[in-house]
Amino acid sequence: MSTATLEPRVQAPRNYLNAEYGWKSWLFTLDHKRIALLYMVSITFFFMVGGAAAVLMRIHLIEPQGALVQPETYNKLFTLHGVIMIFFFLVPSIPTVLGNFLIPLMIGARDLAFPRLNLLSWYIYIVGGLFTLYSAIAGGVDTGWTFYTPYSSTYSNTQVTAVVVGVFINGFSSILTGLNFIVTIHKMRAPGLTWYRMPLFLWAMYATSIIMVLGTPVLAIALFLLALEHLFHVGIFSPALGGDPLLFQHLFWFYSHPTVYIMILPAMGVVSEIIACFARKRIFGYKIVGFSSVAIAVLGFLVWGHHMFVTGQSIYAGLIFSFLSFMVAIPSAIKVFNWTSTLYKGSISYEAPMLYALGFIGLFTMGGLTGMFLASLATDVHLNGTYFIVAHFHYIMVGGAVMGYLGGMHFWWPKISGRKYPNGWAALAAAIIFVGFNLTFFPQFILGYLGMPRRYAFYPAEFQVLNVMSSAGASILGVGYLIPLVYFIWSMRYGPVAEANPWGAKGLEWQTSSPPPTENFTKMPVVTEEAYAYAAEEKINRA
Amino acid sequence: MQGIPIHPDQASTIARSVDHLYFFITAVTLFFTFVIFLTILYFMVKYRRRSPDERPKAIEGSLPLEVLWTAIPTLIAAVIFVWGSSLYFQNSEPPPGAMEIFVTGKQWMWKAEHPEGQREINELHVPLGRPVKLTMTSEDVIHDFFVPAFRVKEDVLPGRYSSLWFEPTRLGTFHLFCAQYCGAFHAGMLGSVIVVEPDEYERWLAGSVLGETMEAAGERLFKENGCITCHLADGTGPAPSLLGVYGNTVHLTNGQTVTADDAYIRESILSPNAKIVNGYKPIMPSFQGQLTEEQILDLIAYIRSLGRSPEKDQGKKQEEEKK
């Protein structure tokens with residue numbers, strides 16, 4: 001932080017970025033906006049670590065016998081990729097960066113309800129991350145991010161304890177963040193900001209927080225028991241010690257299926273904001289879109305058994321889990337239809353955030369629809385454990401959640417940094433990501449249907465062509481992800497200064513300056529209209 | 001795009017019906033993907049912003065539309081749910097008269113044992129056109145038995161039996177994959193299912209050198225491990241006679257009943273005190289760690305051969321012994 005060179009350039013009024021300088025002003029900050037930036041830097045770092053592992057895997061899989069590493073190393077790479085991307089990038093991404101930054105701004109508050117807890121949750125995240133990085137440096141872990149027993153507890157000779165401790169600790173960061181958001185949204189809304197006037201991003205963050213608070217403790221329990229068995233041979237999961245190997249899967253998926261919604265709901269919230277802004281329209285069916293987030297959060301807790309259709313669980317249990325899995329898809333479908341209808345008779349412009357949001361809708365639609373193959377019992381038997389699953393959840397998590405995160409970053413970047421990025425480059429990056437993503441993951445649907453199992457360090461030669469296509473796509477996707485990183489960093493110094501509301505958007509966060517002052521609003525806002533009142537001159541009858 | 005495979009072999013009786021459902025869901029997926037993509041593209045062009053001050057009229061939403069696009073996906077989901085579930089239920093039980101083969105997974109190989117005593121590793125010979133039921137267990141971690149050409153898959157778990165069945169409809173050699181990550185050489189836990197004509201299967205069985213059938217091996221183990229000292233055939237010993245036990249109802253000391261199936265016999269060998277037969281004392285030692293999974297399967301095969309109906313089967317047994 002070179003204070004001397006920055007100071008003379010800053011002619012802007014005091015804001016949260018220039019309020020204080022020096023590393024202490026960041027590491028001990030209680031400002032939700034600065035904590036959001038701490039998270040932004042940390043999750044970007046972890047994204048690059050996880051991404052590097054993915055690149056190595058895709059290079060390795062260009063040749064059927066494996067082009068790069070030993071099978072043991074390959075197993076460690078996909079474990080590292082999964083653990084880092086899920087627990088240290090996707091789960092925290094939108095909530096801790098955009099949620100942290102925006103929730104107080106969107107509800108017209110000065111900060112979250114518990115600023116110290118907020119900083120603590122970042123430190124917990126970092127400690128968890130350090131344990132995980134240590135596990136990688138000290139030799140790696142080869143269990144897969146799912147840590148299935150009894151392989152993880154009694155057979156793997158890798159750094160299982162370190163990574164389990166890391167993920168366990170990190171869970172508390174999630175719980176505290178969720179708690180903070182719930183209390184903040186309940187108690188600190190500006191006068192006039194009723195529940196039905198809240199931007200849908202807040203509805204989504206609220207639903208996400210509920211899952212974080214209710215689900216994460218179960219993951220902690222599962223990992224704690226796993227560590228007990230791994231370290232002290234207490235028989236819980238291993239049949240050789242008198243345990244039940246499937247018990248772990250029940251506990252694990254009870255958290256880890258709802259986790260999918262921790263990743264996707266915030267992205268849905270972001271997309272609602274972007275679509276409304278760039279179509280200059282209220283979100284079609286606002287209440288239904290809001291409540292569908294809550295429905296997804298609730299139903300999401302009742303579908304974990306669809307990960308276990310071929311474990312020998314009762315066929316009647318399979319029937320119920322299959323049924324509920326179809327049910328949880330309905331609210332998602334409703335959202336897609338409502339977003340599409342929001343465009344109807346709108347005034348649509350195509351700045352970069354909108355391109356990402358539209359990319360999200362397309363890829364999420366494909367991810368959601370391909371979920372039906374896996375919710376259906378007869379087809380899941382064939383596709384479970386194959387590349388079809390890998391393709392499906394990457395469409396949801398990368399095509400969906402990462403697209404949403406990038407869309408959100410492009411939308412709010414002028415607010416966060418006070419600077420604008422080059423729109424042409426951003427549009428180009430969106431296009432490259434969309435193409436690269438589809439080339440990477442679409443062939444994997446076919447690979448899965450052909451029967452190629454996931455987590456294979458080498459494979460029969462007939463699968464090579466599709467694997468090469470996928471690897472080629474991954475290289476394009478990698479470039480696509482690097483471009484925004486470059487122009488975002490560039491814009492911090494050289495980008496044109498952003499005005500308070502560069503997109504002409506509604507929402508309280510756009511009423512304060514860019515970047516906002518430390519106290520967010522110089523005058524406490526009062527809300528007199530509903531969210532997305534883009535047609536302000538029109539009288540809207542029903543709220 | 002020539003040379004890129006897009007469709008796996010169909011080599012079992014269920015493959016075709018699973019594929020029909022697969023194609024139906026694919027059609028639904030493509031249809032909705034195109035509807036959404038085309039609608040968005042159309043709106044993008046038609047409603048593009050023409051002047052920066054445009055303020056389109058607000059649209060609240062539409063209840064009929066919401067009902068419509070809740071009902072349509074729900075209906076389609078219901079169709080796929082019912083279709084997928086009924087297929088799954090139809091396929092969950094093997095047809096009567098299916099031949100049985102026993103499979104044990106271990107890091108990183110598949111071992112198969114035919115009732116006649118033939119053993120093979122990473123290969124599984126089966127006759128064309130006969131339903132085959134596999135009873136499977138694992139010696140270490142969780143594996144998964146997956147034959148893409150048959151559209152069948154089932155986890156293979158340590159400490160319990162799982163099963164699946166198929167009826168091959170095509171001759172040839174098909175991939176057998178492990179589809180549950182099981183450690184360093186998971187990708188190398190690769191086998192072949194070899195479907196041959198029934199008479200060729202008989203020849204293959206006969207040509208195999210290992211002569212001892214599973215029943216015979218089980219009978220030998222029954223003696224070697226001292227089971228025979230207590231489990232006297234006439235029921236006068238300190239442990240119940242095993243004649244006619246298999247498949248029948250057993251009354252326990254706690255008043256409950258269980259069916260004497262593979263899982264129960266396995267449990268009784270490894271944790272004898274878990275379920276005590278009414279009228280007997282918990283005196284049997286555990287054989288945990290003393291028998292391999294294959295030996296336990298042999299013992300079960302022997303106990304099964306002792307039959308369901310004591311008199312009839314015992315008679316048959318004696319006749320066989322005379323031969």
# chains A, B, ... in the order shown; residues from 1 in each chain; ligands from 1

call {"tool": "interface_residues", "arguments": {"of": "chain A", "to": "chain B", "cutoff": "7 Å", "atoms": "only C-alpha atoms", "output": "MDAnalysis selection string"}}
result
chainID A and resid 71:72 75 150:151 239 280:282 284:285 310:312 319 323 326 330 334 340 343:349 362 365:366 369:370 373 376:379 381:382 385 446 450:451 453 455:459 465 534:535 538

call {"tool": "write_last_selection", "arguments": {"atoms": "C-alpha atoms", "output": "PDB file, in the first residue's frame"}}
result
ATOM      1  CA  PRO A  71      -2.648 -41.723 -10.734  1.00  0.00           C
ATOM      2  CA  GLU A  72      -2.006 -40.920  -7.064  1.00  0.00           C
ATOM      3  CA  ASN A  75      -6.416 -38.223  -7.326  1.00  0.00           C
ATOM      4  CA  PRO A 150     -14.316 -46.121   4.930  1.00  0.00           C
ATOM      5  CA  TYR A 151     -11.766 -45.068   2.304  1.00  0.00           C
ATOM      6  CA  PRO A 239     -17.597 -51.989   8.980  1.00  0.00           C
ATOM      7  CA  ARG A 280     -35.589  -1.399 -16.989  1.00  0.00           C
ATOM      8  CA  LYS A 281     -38.331  -3.565 -15.613  1.00  0.00           C
ATOM      9  CA  ARG A 282     -39.688  -4.790 -12.389  1.00  0.00           C
ATOM     10  CA  PHE A 284     -41.964 -10.364 -13.405  1.00  0.00           C
ATOM     11  CA  GLY A 285     -43.744 -12.167 -10.559  1.00  0.00           C
ATOM     12  CA  VAL A 310     -27.238 -47.052  -6.117  1.00  0.00           C
ATOM     13  CA  THR A 311     -25.935 -47.558  -2.579  1.00  0.00           C
ATOM     14  CA  GLY A 312     -28.541 -50.204  -1.842  1.00  0.00           C
ATOM     15  CA  LEU A 319     -38.897 -43.329  -4.667  1.00  0.00           C
ATOM     16  CA  PHE A 323     -40.107 -37.409  -6.117  1.00  0.00           C
ATOM     17  CA  PHE A 326     -38.332 -33.354  -9.080  1.00  0.00           C
ATOM     18  CA  ILE A 330     -40.039 -26.649 -10.057  1.00  0.00           C
ATOM     19  CA  ILE A 334     -40.454 -20.859 -12.294  1.00  0.00           C
ATOM     20  CA  THR A 340     -37.395 -14.428 -19.301  1.00  0.00           C
ATOM     21  CA  LEU A 343     -37.467  -8.991 -20.651  1.00  0.00           C
ATOM     22  CA  TYR A 344     -40.890  -8.779 -22.327  1.00  0.00           C
ATOM     23  CA  LYS A 345     -41.591  -5.190 -23.413  1.00  0.00           C
ATOM     24  CA  GLY A 346     -38.511  -4.040 -21.584  1.00  0.00           C
ATOM     25  CA  SER A 347     -35.856  -1.597 -22.667  1.00  0.00           C
ATOM     26  CA  ILE A 348     -32.921  -3.918 -22.877  1.00  0.00           C
ATOM     27  CA  SER A 349     -29.302  -2.859 -23.083  1.00  0.00           C
ATOM     28  CA  GLY A 362     -28.867 -20.279 -20.496  1.00  0.00           C
ATOM     29  CA  THR A 365     -31.385 -23.885 -17.641  1.00  0.00           C
ATOM     30  CA  MET A 366     -29.273 -26.647 -19.158  1.00  0.00           C
ATOM     31  CA  LEU A 369     -32.881 -29.723 -17.029  1.00  0.00           C
ATOM     32  CA  THR A 370     -30.081 -32.285 -17.058  1.00  0.00           C
ATOM     33  CA  PHE A 373     -31.849 -37.439 -15.788  1.00  0.00           C
ATOM     34  CA  SER A 376     -35.216 -40.120 -12.353  1.00  0.00           C
ATOM     35  CA  LEU A 377     -34.377 -43.476 -10.788  1.00  0.00           C
ATOM     36  CA  ALA A 378     -33.936 -45.646 -13.874  1.00  0.00           C
ATOM     37  CA  THR A 379     -31.652 -43.228 -15.722  1.00  0.00           C
ATOM     38  CA  VAL A 381     -28.663 -45.923 -12.159  1.00  0.00           C
ATOM     39  CA  HIS A 382     -26.787 -45.653 -15.448  1.00  0.00           C
ATOM     40  CA  GLY A 385     -20.885 -41.725 -10.795  1.00  0.00           C
ATOM     41  CA  ILE A 446     -21.862 -37.603 -23.708  1.00  0.00           C
ATOM     42  CA  LEU A 450     -21.188 -43.619 -22.821  1.00  0.00           C
ATOM     43  CA  GLY A 451     -20.249 -44.824 -19.351  1.00  0.00           C
ATOM     44  CA  PRO A 453     -16.795 -42.987 -14.697  1.00  0.00           C
ATOM     45  CA  ARG A 455     -12.305 -39.645 -11.059  1.00  0.00           C
ATOM     46  CA  TYR A 456     -10.434 -41.825 -13.554  1.00  0.00           C
ATOM     47  CA  ALA A 457      -6.750 -41.026 -13.929  1.00  0.00           C
ATOM     48  CA  PHE A 458      -6.675 -43.033 -17.133  1.00  0.00           C
ATOM     49  CA  TYR A 459      -9.414 -44.354 -19.374  1.00  0.00           C
ATOM     50  CA  VAL A 465     -11.833 -37.563 -28.632  1.00  0.00           C
ATOM     51  CA  TYR A 534     -38.009   1.626 -13.022  1.00  0.00           C
ATOM     52  CA  ALA A 535     -41.306   2.899 -14.303  1.00  0.00           C
ATOM     53  CA  GLU A 538     -46.349   4.820 -13.488  1.00  0.00           C
TER      54      GLU A 538
END

call {"tool": "residues_around", "arguments": {"residues": "region 264-270 of chain B", "least_positions_apart": "3", "cutoff": "6 Å", "atoms": "only C-alpha atoms", "output": "ChimeraX atom specification"}}
result
/B:260-261,286-288

call {"tool": "residues_around", "arguments": {"residues": "Phe47 (chain A)", "least_positions_apart": "3", "cutoff": "10 Å", "atoms": "only C-alpha atoms", "output": "list in words"}}
result
Val41, Ser42, Ile43, Thr44, Gly50, Gly51, Ala52, Ala53, His81, Ile84, Met85, Ile86, Phe88, Phe89, Leu90 and Ser93 of chain A

call {"tool": "atom_distance", "arguments": {"atom1": "CA of Ile433 (chain A)", "atom2": "CA of Phe337 (chain A)"}}
result
23.8 Å

call {"tool": "residues_around", "arguments": {"residues": "region 221-234 of chain A", "least_positions_apart": "5", "cutoff": "12 Å", "atoms": "only C-alpha atoms", "output": "PyMOL selection string"}}
result
chain A and resi 145-172+215-216+239-256

call {"tool": "write_last_selection", "arguments": {"atoms": "C-alpha atoms", "output": "mmCIF file, in the first residue's frame"}}
result
data_model
loop_
_atom_site.group_PDB
_atom_site.id
_atom_site.type_symbol
_atom_site.label_atom_id
_atom_site.label_comp_id
_atom_site.auth_asym_id
_atom_site.auth_seq_id
_atom_site.Cartn_x
_atom_site.Cartn_y
_atom_site.Cartn_z
ATOM 1 C CA TRP A 145 -14.062 -33.712 -1.817
ATOM 2 C CA THR A 146 -16.804 -36.114 -0.720
ATOM 3 C CA PHE A 147 -14.524 -37.877 1.821
ATOM 4 C CA TYR A 148 -16.425 -41.157 1.501
ATOM 5 C CA THR A 149 -15.829 -43.654 4.290
ATOM 6 C CA PRO A 150 -14.316 -46.121 4.930
ATOM 7 C CA TYR A 151 -11.766 -45.068 2.304
ATOM 8 C CA SER A 152 -11.131 -41.698 3.947
ATOM 9 C CA SER A 153 -11.281 -42.909 7.527
ATOM 10 C CA THR A 154 -9.303 -46.124 7.477
ATOM 11 C CA TYR A 155 -7.620 -46.639 4.082
ATOM 12 C CA SER A 156 -6.208 -43.364 2.827
ATOM 13 C CA ASN A 157 -2.676 -42.626 3.963
ATOM 14 C CA THR A 158 -2.807 -38.991 2.935
ATOM 15 C CA GLN A 159 -3.316 -35.723 4.845
ATOM 16 C CA VAL A 160 -6.975 -36.438 5.637
ATOM 17 C CA THR A 161 -6.846 -34.955 9.131
ATOM 18 C CA ALA A 162 -5.460 -31.602 8.008
ATOM 19 C CA VAL A 163 -8.029 -31.078 5.287
ATOM 20 C CA VAL A 164 -10.910 -32.256 7.455
ATOM 21 C CA VAL A 165 -9.836 -29.833 10.184
ATOM 22 C CA GLY A 166 -9.589 -27.098 7.541
ATOM 23 C CA VAL A 167 -13.088 -27.685 6.188
ATOM 24 C CA PHE A 168 -14.479 -28.111 9.716
ATOM 25 C CA ILE A 169 -13.059 -24.747 10.821
ATOM 26 C CA ASN A 170 -14.192 -23.049 7.636
ATOM 27 C CA GLY A 171 -17.756 -24.176 8.347
ATOM 28 C CA PHE A 172 -17.932 -21.867 11.336
ATOM 29 C CA GLY A 215 -26.873 -27.259 7.265
ATOM 30 C CA THR A 216 -23.277 -26.513 8.113
ATOM 31 C CA PRO A 239 -17.597 -51.989 8.980
ATOM 32 C CA ALA A 240 -14.301 -53.502 10.087
ATOM 33 C CA LEU A 241 -14.678 -51.467 13.293
ATOM 34 C CA GLY A 242 -18.389 -52.180 13.558
ATOM 35 C CA GLY A 243 -19.539 -49.017 11.831
ATOM 36 C CA ASP A 244 -21.865 -48.196 8.972
ATOM 37 C CA PRO A 245 -20.204 -46.809 5.825
ATOM 38 C CA LEU A 246 -23.417 -45.314 4.484
ATOM 39 C CA LEU A 247 -24.077 -43.286 7.632
ATOM 40 C CA PHE A 248 -21.344 -40.915 6.523
ATOM 41 C CA GLN A 249 -22.983 -40.419 3.144
ATOM 42 C CA HIS A 250 -26.307 -39.548 4.765
ATOM 43 C CA LEU A 251 -24.685 -36.979 7.048
ATOM 44 C CA PHE A 252 -22.453 -35.626 4.310
ATOM 45 C CA TRP A 253 -25.208 -35.124 1.746
ATOM 46 C CA PHE A 254 -27.600 -33.712 4.303
ATOM 47 C CA TYR A 255 -25.290 -30.692 4.206
ATOM 48 C CA SER A 256 -23.756 -31.059 0.808
#

call {"tool": "select_by_dssp", "arguments": {"residues": "region 361-507 of chain A", "states": "strand (DSSP E or B)", "output": "PyMOL selection string"}}
result
chain A and resi 386+419+453+497

call {"tool": "write_last_selection", "arguments": {"atoms": "N, CA and C atoms", "output": "PDB file, in the first residue's frame"}}
result
ATOM      1  N   THR A 386     -20.794 -41.101 -13.146  1.00  0.00           N
ATOM      2  CA  THR A 386     -20.097 -40.928 -14.428  1.00  0.00           C
ATOM      3  C   THR A 386     -19.842 -39.436 -14.685  1.00  0.00           C
ATOM      4  N   ARG A 419     -14.489   2.849  -9.930  1.00  0.00           N
ATOM      5  CA  ARG A 419     -13.912   2.955 -11.268  1.00  0.00           C
ATOM      6  C   ARG A 419     -14.711   2.112 -12.253  1.00  0.00           C
ATOM      7  N   PRO A 453     -16.644 -43.416 -16.079  1.00  0.00           N
ATOM      8  CA  PRO A 453     -16.795 -42.987 -14.697  1.00  0.00           C
ATOM      9  C   PRO A 453     -15.938 -41.761 -14.395  1.00  0.00           C
ATOM     10  N   VAL A 497     -13.375   7.295 -13.673  1.00  0.00           N
ATOM     11  CA  VAL A 497     -14.054   7.373 -12.379  1.00  0.00           C
ATOM     12  C   VAL A 497     -15.554   7.131 -12.581  1.00  0.00           C
TER      13      VAL A 497
END

call {"tool": "select_by_dssp", "arguments": {"residues": "region 80-122 of chain A", "states": "alpha helix (DSSP H)", "output": "MDAnalysis selection string"}}
result
chainID A and resid 80:83 91:92 100:107 115:122

call {"tool": "write_last_selection", "arguments": {"atoms": "N, CA and C atoms", "output": "PDB file, in the first residue's frame"}}
result
ATOM      1  N   LEU A  80      -8.116 -31.718  -4.378  1.00  0.00           N
ATOM      2  CA  LEU A  80      -7.780 -30.315  -4.107  1.00  0.00           C
ATOM      3  C   LEU A  80      -8.747 -29.398  -4.848  1.00  0.00           C
ATOM      4  N   HIS A  81      -8.972 -29.699  -6.116  1.00  0.00           N
ATOM      5  CA  HIS A  81      -9.876 -28.880  -6.935  1.00  0.00           C
ATOM      6  C   HIS A  81     -11.263 -28.805  -6.292  1.00  0.00           C
ATOM      7  N   GLY A  82     -11.793 -29.967  -5.906  1.00  0.00           N
ATOM      8  CA  GLY A  82     -13.136 -29.996  -5.331  1.00  0.00           C
ATOM      9  C   GLY A  82     -13.211 -29.281  -3.992  1.00  0.00           C
ATOM     10  N   VAL A  83     -12.284 -29.595  -3.105  1.00  0.00           N
ATOM     11  CA  VAL A  83     -12.339 -29.015  -1.757  1.00  0.00           C
ATOM     12  C   VAL A  83     -12.196 -27.497  -1.833  1.00  0.00           C
ATOM     13  N   VAL A  91     -18.890 -21.591  -2.040  1.00  0.00           N
ATOM     14  CA  VAL A  91     -19.770 -21.336  -0.893  1.00  0.00           C
ATOM     15  C   VAL A  91     -19.595 -19.904  -0.380  1.00  0.00           C
ATOM     16  N   PRO A  92     -18.358 -19.449  -0.192  1.00  0.00           N
ATOM     17  CA  PRO A  92     -18.252 -18.071   0.294  1.00  0.00           C
ATOM     18  C   PRO A  92     -18.445 -17.005  -0.780  1.00  0.00           C
ATOM     19  N   ASN A 100     -21.672  -9.334   1.780  1.00  0.00           N
ATOM     20  CA  ASN A 100     -21.063  -8.476   2.777  1.00  0.00           C
ATOM     21  C   ASN A 100     -21.100  -7.015   2.363  1.00  0.00           C
ATOM     22  N   PHE A 101     -20.727  -6.784   1.108  1.00  0.00           N
ATOM     23  CA  PHE A 101     -20.644  -5.406   0.636  1.00  0.00           C
ATOM     24  C   PHE A 101     -22.032  -4.782   0.534  1.00  0.00           C
ATOM     25  N   LEU A 102     -22.991  -5.564   0.024  1.00  0.00           N
ATOM     26  CA  LEU A 102     -24.242  -4.965  -0.423  1.00  0.00           C
ATOM     27  C   LEU A 102     -25.384  -5.021   0.574  1.00  0.00           C
ATOM     28  N   ILE A 103     -25.404  -6.021   1.444  1.00  0.00           N
ATOM     29  CA  ILE A 103     -26.593  -6.137   2.307  1.00  0.00           C
ATOM     30  C   ILE A 103     -26.829  -4.853   3.093  1.00  0.00           C
ATOM     31  N   PRO A 104     -25.814  -4.323   3.808  1.00  0.00           N
ATOM     32  CA  PRO A 104     -26.093  -3.065   4.519  1.00  0.00           C
ATOM     33  C   PRO A 104     -26.467  -1.924   3.570  1.00  0.00           C
ATOM     34  N   LEU A 105     -25.802  -1.857   2.425  1.00  0.00           N
ATOM     35  CA  LEU A 105     -26.126  -0.781   1.482  1.00  0.00           C
ATOM     36  C   LEU A 105     -27.538  -0.921   0.940  1.00  0.00           C
ATOM     37  N   MET A 106     -27.936  -2.149   0.649  1.00  0.00           N
ATOM     38  CA  MET A 106     -29.267  -2.356   0.067  1.00  0.00           C
ATOM     39  C   MET A 106     -30.388  -2.117   1.067  1.00  0.00           C
ATOM     40  N   ILE A 107     -30.102  -2.320   2.353  1.00  0.00           N
ATOM     41  CA  ILE A 107     -31.179  -2.107   3.330  1.00  0.00           C
ATOM     42  C   ILE A 107     -31.032  -0.756   4.017  1.00  0.00           C
ATOM     43  N   PRO A 115     -20.443  -6.421  13.349  1.00  0.00           N
ATOM     44  CA  PRO A 115     -19.217  -6.180  12.566  1.00  0.00           C
ATOM     45  C   PRO A 115     -18.027  -7.007  13.054  1.00  0.00           C
ATOM     46  N   ARG A 116     -17.888  -7.202  14.361  1.00  0.00           N
ATOM     47  CA  ARG A 116     -16.734  -7.960  14.858  1.00  0.00           C
ATOM     48  C   ARG A 116     -16.837  -9.434  14.462  1.00  0.00           C
ATOM     49  N   LEU A 117     -18.063  -9.939  14.548  1.00  0.00           N
ATOM     50  CA  LEU A 117     -18.290 -11.328  14.126  1.00  0.00           C
ATOM     51  C   LEU A 117     -17.964 -11.483  12.646  1.00  0.00           C
ATOM     52  N   ASN A 118     -18.257 -10.451  11.896  1.00  0.00           N
ATOM     53  CA  ASN A 118     -17.995 -10.465  10.464  1.00  0.00           C
ATOM     54  C   ASN A 118     -16.495 -10.593  10.205  1.00  0.00           C
ATOM     55  N   LEU A 119     -15.694  -9.784  10.937  1.00  0.00           N
ATOM     56  CA  LEU A 119     -14.244  -9.871  10.763  1.00  0.00           C
ATOM     57  C   LEU A 119     -13.749 -11.240  11.238  1.00  0.00           C
ATOM     58  N   LEU A 120     -14.312 -11.695  12.365  1.00  0.00           N
ATOM     59  CA  LEU A 120     -13.912 -13.008  12.893  1.00  0.00           C
ATOM     60  C   LEU A 120     -14.162 -14.096  11.857  1.00  0.00           C
ATOM     61  N   SER A 121     -15.289 -14.009  11.151  1.00  0.00           N
ATOM     62  CA  SER A 121     -15.602 -15.070  10.193  1.00  0.00           C
ATOM     63  C   SER A 121     -14.575 -15.079   9.062  1.00  0.00           C
ATOM     64  N   TRP A 122     -14.019 -13.902   8.723  1.00  0.00           N
ATOM     65  CA  TRP A 122     -12.962 -13.896   7.701  1.00  0.00           C
ATOM     66  C   TRP A 122     -11.716 -14.598   8.246  1.00  0.00           C
TER      67      TRP A 122
END

call {"tool": "residues_around", "arguments": {"residues": "Val277 (chain B)", "least_positions_apart": "5", "cutoff": "6 Å", "atoms": "only C-alpha atoms", "output": "NGL selection string"}}
result
:B and (251-253)

call {"tool": "write_last_selection", "arguments": {"atoms": "C-alpha atoms", "output": "PDB file, in the first residue's frame"}}
result
ATOM      1  CA  HIS B 251     -37.524 -67.190  15.893  1.00  0.00           C
ATOM      2  CA  LEU B 252     -35.188 -65.228  18.130  1.00  0.00           C
ATOM      3  CA  THR B 253     -34.802 -65.091  21.906  1.00  0.00           C
TER       4      THR B 253
END

call {"tool": "residues_around", "arguments": {"residues": "Ser491 (chain A)", "least_positions_apart": "6", "cutoff": "10 Å", "atoms": "only C-alpha atoms", "output": "PDB file with C-alpha atoms, in the first residue's frame"}}
result
ATOM      1  CA  TRP A 413     -17.583  -3.083  -9.574  1.00  0.00           C
ATOM      2  CA  PRO A 414     -18.110   0.676 -10.175  1.00  0.00           C
ATOM      3  CA  SER A 417     -13.975   0.367  -6.687  1.00  0.00           C
ATOM      4  CA  GLY A 418     -15.302   3.716  -7.818  1.00  0.00           C
ATOM      5  CA  ARG A 419     -13.912   2.955 -11.268  1.00  0.00           C
ATOM      6  CA  LYS A 420     -15.220   1.658 -14.566  1.00  0.00           C
ATOM      7  CA  TYR A 421     -13.736  -1.203 -16.526  1.00  0.00           C
ATOM      8  CA  PRO A 422     -13.581  -1.385 -20.340  1.00  0.00           C
ATOM      9  CA  VAL A 497     -14.054   7.373 -12.379  1.00  0.00           C
TER      10      VAL A 497
END

call {"tool": "atom_distance", "arguments": {"atom1": "CA of Ser470 (chain A)", "atom2": "CA of Gly144 (chain A)"}}
result
20.7 Å

call {"tool": "atom_distance", "arguments": {"atom1": "CA of Glu167 (chain B)", "atom2": "CA of Ala301 (chain B)"}}
result
22.4 Å
